[in-house]
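**Q** File name query-v2.cif; file contents mmCIF, C-alpha atoms; full text below.
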data_target
loop_
_atom_site.label_atom_id
_atom_site.label_comp_id
_atom_site.auth_asym_id
_atom_site.auth_seq_id
_atom_site.Cartn_x
_atom_site.Cartn_y
_atom_site.Cartn_z
CA MET A 268 -8.97 -20.95 -9.63
CA GLU A 269 -10.51 -24.30 -10.50
CA ILE A 270 -12.43 -22.75 -13.41
CA ALA A 271 -9.25 -21.11 -14.69
CA HIS A 272 -7.54 -24.48 -14.57
CA GLU A 273 -10.42 -26.16 -16.41
CA THR A 274 -10.74 -23.49 -19.09
CA GLY A 275 -7.06 -22.73 -19.53
CA GLU A 276 -7.74 -19.00 -19.06
CA HIS A 277 -5.05 -17.80 -16.69
CA PHE A 278 -4.93 -14.03 -17.21
CA THR A 279 -6.68 -13.47 -13.87
CA ASP A 280 -4.47 -15.86 -11.90
CA PRO A 281 -2.55 -13.05 -10.18
CA TYR A 282 -5.83 -11.48 -9.10
CA LEU A 283 -7.18 -14.81 -7.85
CA HIS A 284 -4.06 -15.58 -5.82
CA ARG A 285 -4.11 -12.10 -4.28
CA VAL A 286 -7.77 -12.47 -3.30
CA ARG A 287 -6.98 -15.91 -1.89
CA GLY A 288 -4.26 -14.28 0.21
CA GLU A 289 -6.66 -11.62 1.47
CA ILE A 290 -9.17 -14.30 2.45
CA LEU A 291 -6.53 -16.40 4.21
CA LEU A 292 -5.29 -13.34 6.08
CA SER A 293 -8.77 -12.36 7.20
CA ARG A 294 -9.44 -15.91 8.42
CA GLU A 295 -6.14 -16.32 10.29
CA PRO A 296 -4.56 -12.91 10.94
CA ALA A 297 -2.28 -14.36 13.62
CA SER A 298 -0.85 -16.86 11.12
CA PRO A 299 -0.05 -14.94 7.93
CA ALA A 300 2.34 -17.44 6.29
CA SER A 301 -0.26 -18.84 3.87
CA ALA A 302 -1.40 -15.36 2.88
CA GLU A 303 2.21 -14.29 2.36
CA GLU A 304 2.75 -17.27 0.07
CA ALA A 305 -0.41 -16.47 -1.92
CA PHE A 306 0.69 -12.85 -2.38
CA GLN A 307 4.16 -13.95 -3.48
CA THR A 308 2.60 -16.36 -5.98
CA ALA A 309 0.39 -13.58 -7.32
CA ILE A 310 3.42 -11.32 -7.77
CA ALA A 311 5.43 -14.03 -9.53
CA ILE A 312 2.60 -14.88 -11.93
CA ALA A 313 1.92 -11.20 -12.65
CA LYS A 314 5.60 -10.63 -13.43
CA GLY A 315 5.58 -13.63 -15.75
CA GLN A 316 2.55 -12.23 -17.54
CA SER A 317 3.90 -8.66 -17.56
CA ALA A 318 0.68 -7.71 -15.78
CA ARG A 319 1.99 -4.64 -13.97
CA SER A 320 -1.31 -3.58 -12.40
CA TYR A 321 -1.91 -7.03 -10.92
CA GLU A 322 1.70 -7.08 -9.74
CA LEU A 323 1.24 -3.75 -7.98
CA LEU A 324 -1.97 -4.85 -6.29
CA ALA A 325 -0.38 -8.05 -5.01
CA ALA A 326 2.76 -6.20 -3.91
CA LEU A 327 0.63 -3.68 -2.03
CA SER A 328 -1.20 -6.48 -0.22
CA LEU A 329 2.09 -8.15 0.68
CA ALA A 330 3.66 -4.85 1.76
CA LYS A 331 0.71 -4.10 4.04
CA LEU A 332 1.08 -7.57 5.56
CA TYR A 333 4.81 -7.01 6.09
CA GLN A 334 4.16 -3.58 7.59
CA SER A 335 1.60 -5.05 10.01
CA VAL A 336 4.04 -7.66 11.33
CA GLY A 337 6.96 -5.27 11.78
CA ARG A 338 8.86 -5.98 8.59
CA PRO A 339 8.98 -2.50 7.03
CA ALA A 340 12.20 -3.08 5.07
CA GLU A 341 10.62 -6.05 3.32
CA ALA A 342 7.46 -4.03 2.67
CA HIS A 343 9.56 -1.39 0.93
CA ALA A 344 11.60 -3.99 -0.99
CA VAL A 345 8.50 -5.62 -2.47
CA LEU A 346 6.51 -2.46 -3.11
CA ALA A 347 9.08 -0.05 -4.57
CA PRO A 348 9.85 -2.03 -7.74
CA ALA A 349 6.17 -2.82 -8.34
CA LEU A 350 5.25 0.85 -8.04
CA ASP A 351 8.01 2.05 -10.37
CA GLY A 352 6.54 3.70 -13.46
CA HIS A 353 3.00 4.01 -12.10
CA SER A 354 1.38 7.41 -11.67
CA PRO A 355 -1.70 8.03 -9.52
CA THR A 356 -5.00 7.87 -11.35
CA PRO A 357 -8.61 8.04 -10.16
CA GLU A 358 -9.19 4.61 -11.72
CA MET A 359 -6.52 3.00 -9.54
CA PRO A 360 -6.40 4.60 -6.07
CA GLU A 361 -4.08 1.81 -4.93
CA ILE A 362 -1.20 3.64 -6.63
CA GLU A 363 -1.57 6.57 -4.26
CA GLU A 364 -1.97 4.17 -1.33
CA ALA A 365 1.27 2.42 -2.33
CA GLN A 366 3.09 5.75 -2.64
CA THR A 367 1.89 6.76 0.81
CA LEU A 368 3.09 3.48 2.30
CA LEU A 369 6.52 3.97 0.71
CA GLU A 370 6.72 7.56 1.96
CA LEU A 371 6.02 6.38 5.50
CA ARG A 372 8.97 4.01 5.25
CA THR A 373 11.23 6.58 3.61
CA HIS A 374 10.46 9.26 6.20
CA GLY A 375 10.81 6.84 9.10
CA ALA A 376 7.23 7.14 10.27
#
For the structure just supplied, provide its representation as structure tokens.

**A**
Amino acid sequence: MEIAHETGEHFTDPYLHRVRGEILLSREPASPASAEEAFQTAIAIAKGQSARSYELLAALSLAKLYQSVGRPAEAHAVLAPALDGHSPTPEMPEIEEAQTLLELRTHGA
């Protein structure tokens, strides 16, 4: 993120914030607030850039976090709009993963 700041190239900022969130979550799984914030930042930046794939990836990470801490309604609320308009492709298996997560919530599993 420091290099992006120095160079002014910010197209990967959503990706970088999502990865930061994943790292924070792996370091402190019992304290997910910082990871949650990083994922939310990634989503906000991706929306601002109209970077729908990055938005979906960050939303999926945040939804999985919410699901793991017993917040399934919030997982659905963040993931459903990010997934809208995406169709599964071999190049992006996360789309199918996101659909599966939503189906679990919809079917009450």

**Q** So how many Å separate atom CA of A:Pro348 and atom CA of A:Leu324, to one decimal?

**A**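 The value is 12.2 Å.
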
**Q** In the coordinates of the file, take the point (1.7, -7.7, 0.3) and a cut-off of 10 Å; then, counting all atoms listed in the file, name each qualifying protein, DNA or RNA residue as a PyMOL selection string.

**A** chain A and resi 285+288-289+302-307+309-310+323-334+341-342+345-346

**Q** Filtering to C-alpha atoms, could you give me those residues as a PDB file, in the coordinates of the input?

**A**
ATOM      1  CA  ARG A 285      -4.110 -12.100  -4.280  1.00  0.00           C
ATOM      2  CA  GLY A 288      -4.260 -14.280   0.210  1.00  0.00           C
ATOM      3  CA  GLU A 289      -6.660 -11.620   1.470  1.00  0.00           C
ATOM      4  CA  ALA A 302      -1.400 -15.360   2.880  1.00  0.00           C
ATOM      5  CA  GLU A 303       2.210 -14.290   2.360  1.00  0.00           C
ATOM      6  CA  GLU A 304       2.750 -17.270   0.070  1.00  0.00           C
ATOM      7  CA  ALA A 305      -0.410 -16.470  -1.920  1.00  0.00           C
ATOM      8  CA  PHE A 306       0.690 -12.850  -2.380  1.00  0.00           C
ATOM      9  CA  GLN A 307       4.160 -13.950  -3.480  1.00  0.00           C
ATOM     10  CA  ALA A 309       0.390 -13.580  -7.320  1.00  0.00           C
ATOM     11  CA  ILE A 310       3.420 -11.320  -7.770  1.00  0.00           C
ATOM     12  CA  LEU A 323       1.240  -3.750  -7.980  1.00  0.00           C
ATOM     13  CA  LEU A 324      -1.970  -4.850  -6.290  1.00  0.00           C
ATOM     14  CA  ALA A 325      -0.380  -8.050  -5.010  1.00  0.00           C
ATOM     15  CA  ALA A 326       2.760  -6.200  -3.910  1.00  0.00           C
ATOM     16  CA  LEU A 327       0.630  -3.680  -2.030  1.00  0.00           C
ATOM     17  CA  SER A 328      -1.200  -6.480  -0.220  1.00  0.00           C
ATOM     18  CA  LEU A 329       2.090  -8.150   0.680  1.00  0.00           C
ATOM     19  CA  ALA A 330       3.660  -4.850   1.760  1.00  0.00           C
ATOM     20  CA  LYS A 331       0.710  -4.100   4.040  1.00  0.00           C
ATOM     21  CA  LEU A 332       1.080  -7.570   5.560  1.00  0.00           C
ATOM     22  CA  TYR A 333       4.810  -7.010   6.090  1.00  0.00           C
ATOM     23  CA  GLN A 334       4.160  -3.580   7.590  1.00  0.00           C
ATOM     24  CA  GLU A 341      10.620  -6.050   3.320  1.00  0.00           C
ATOM     25  CA  ALA A 342       7.460  -4.030   2.670  1.00  0.00           C
ATOM     26  CA  VAL A 345       8.500  -5.620  -2.470  1.00  0.00           C
ATOM     27  CA  LEU A 346       6.510  -2.460  -3.110  1.00  0.00           C
TER      28      LEU A 346
END

**Q** What lies within 12 Å of A:Asp351 using only C-alpha atoms, ignoring chain neighbours under 2 positions off, as a ChimeraX atom specification?

**A** /A:319-320,322-323,326,343-349,353-355,362,365-366,369

**Q** Which is closer to A:His277 than all the others in A:Gly315, A:Pro299, A:Gly337, A:Gly352, using all atoms listed in the file?

**A**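 With all atoms listed in the file as the atom set, the closest residue is A:Gly315.
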
**Q** Can you list, as a list in words, every protein, DNA or RNA residue that comes within 12 Å of A:Ala297 when you count only C-alpha atoms, leaving out same-chain residues fewer than 6 positions away?

**A**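 Those residues are Leu291, Leu332, Ser335 and Val336 of chain A.
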
**Q** Give me stretch 294-305 of chain A with all heavy atoms filled in, as a CSV table (one decimal), in the coordinates of the input.

**A**
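As a result, rebuild-v4.csv now contains:
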chain,number,residue,atom,x,y,z
A,294,ARG,N,-9.0,-14.7,7.6
A,294,ARG,CA,-9.4,-15.9,8.4
A,294,ARG,C,-8.5,-16.2,9.6
A,294,ARG,O,-8.9,-16.6,10.6
A,294,ARG,CB,-9.5,-17.2,7.5
A,294,ARG,CG,-10.8,-17.2,6.7
A,294,ARG,CD,-10.8,-18.5,5.9
A,294,ARG,NE,-12.0,-18.5,5.1
A,294,ARG,CZ,-12.2,-19.4,4.2
A,294,ARG,NH1,-11.4,-20.4,4.0
A,294,ARG,NH2,-13.3,-19.4,3.4
A,295,GLU,N,-7.2,-16.0,9.3
A,295,GLU,CA,-6.1,-16.3,10.3
A,295,GLU,C,-5.1,-15.2,10.4
A,295,GLU,O,-4.0,-15.4,10.0
A,295,GLU,CB,-5.5,-17.6,9.9
A,295,GLU,CG,-6.4,-18.8,10.0
A,295,GLU,CD,-5.7,-20.2,9.8
A,295,GLU,OE1,-4.6,-20.3,10.4
A,295,GLU,OE2,-6.1,-21.0,9.0
A,296,PRO,N,-5.5,-14.0,10.9
A,296,PRO,CA,-4.6,-12.9,10.9
A,296,PRO,C,-3.3,-13.2,11.8
A,296,PRO,O,-2.3,-12.6,11.6
A,296,PRO,CB,-5.4,-11.8,11.5
A,296,PRO,CG,-6.6,-12.4,12.1
A,296,PRO,CD,-6.8,-13.7,11.5
A,297,ALA,N,-3.4,-14.1,12.8
A,297,ALA,CA,-2.3,-14.4,13.6
A,297,ALA,C,-1.3,-15.3,13.0
A,297,ALA,O,-0.2,-15.5,13.5
A,297,ALA,CB,-2.8,-14.9,14.9
A,298,SER,N,-1.7,-15.9,11.8
A,298,SER,CA,-0.8,-16.9,11.1
A,298,SER,C,-0.8,-16.5,9.6
A,298,SER,O,-1.5,-17.1,8.8
A,298,SER,CB,-1.4,-18.3,11.3
A,298,SER,OG,-0.6,-19.2,10.7
A,299,PRO,N,0.0,-15.5,9.3
A,299,PRO,CA,0.0,-14.9,7.9
A,299,PRO,C,0.8,-15.7,6.9
A,299,PRO,O,0.9,-15.2,5.7
A,299,PRO,CB,0.5,-13.5,8.1
A,299,PRO,CG,1.4,-13.6,9.3
A,299,PRO,CD,0.8,-14.7,10.2
A,300,ALA,N,1.4,-16.8,7.2
A,300,ALA,CA,2.3,-17.4,6.3
A,300,ALA,C,1.6,-17.9,5.0
A,300,ALA,O,2.2,-17.7,3.9
A,300,ALA,CB,3.0,-18.6,7.0
A,301,SER,N,0.5,-18.4,5.1
A,301,SER,CA,-0.3,-18.8,3.9
A,301,SER,C,-0.6,-17.7,3.0
A,301,SER,O,-0.6,-17.7,1.8
A,301,SER,CB,-1.5,-19.6,4.2
A,301,SER,OG,-1.2,-20.8,4.9
A,302,ALA,N,-1.1,-16.6,3.6
A,302,ALA,CA,-1.4,-15.4,2.9
A,302,ALA,C,-0.2,-14.8,2.2
A,302,ALA,O,-0.2,-14.4,1.0
A,302,ALA,CB,-2.0,-14.3,3.8
A,303,GLU,N,1.0,-14.8,2.9
A,303,GLU,CA,2.2,-14.3,2.4
A,303,GLU,C,2.6,-15.1,1.1
A,303,GLU,O,2.9,-14.5,0.1
A,303,GLU,CB,3.3,-14.4,3.4
A,303,GLU,CG,4.7,-13.9,2.9
A,303,GLU,CD,5.8,-14.0,4.0
A,303,GLU,OE1,5.5,-14.5,5.1
A,303,GLU,OE2,6.9,-13.6,3.6
A,304,GLU,N,2.4,-16.4,1.2
A,304,GLU,CA,2.8,-17.3,0.1
A,304,GLU,C,1.8,-17.0,-1.1
A,304,GLU,O,2.3,-16.9,-2.3
A,304,GLU,CB,2.6,-18.7,0.5
A,304,GLU,CG,3.0,-19.7,-0.6
A,304,GLU,CD,2.9,-21.2,-0.1
A,304,GLU,OE1,3.2,-21.4,1.0
A,304,GLU,OE2,2.4,-22.0,-1.0
A,305,ALA,N,0.5,-16.8,-0.8
A,305,ALA,CA,-0.4,-16.5,-1.9
A,305,ALA,C,-0.1,-15.2,-2.6
A,305,ALA,O,-0.1,-15.0,-3.8
A,305,ALA,CB,-1.8,-16.4,-1.4
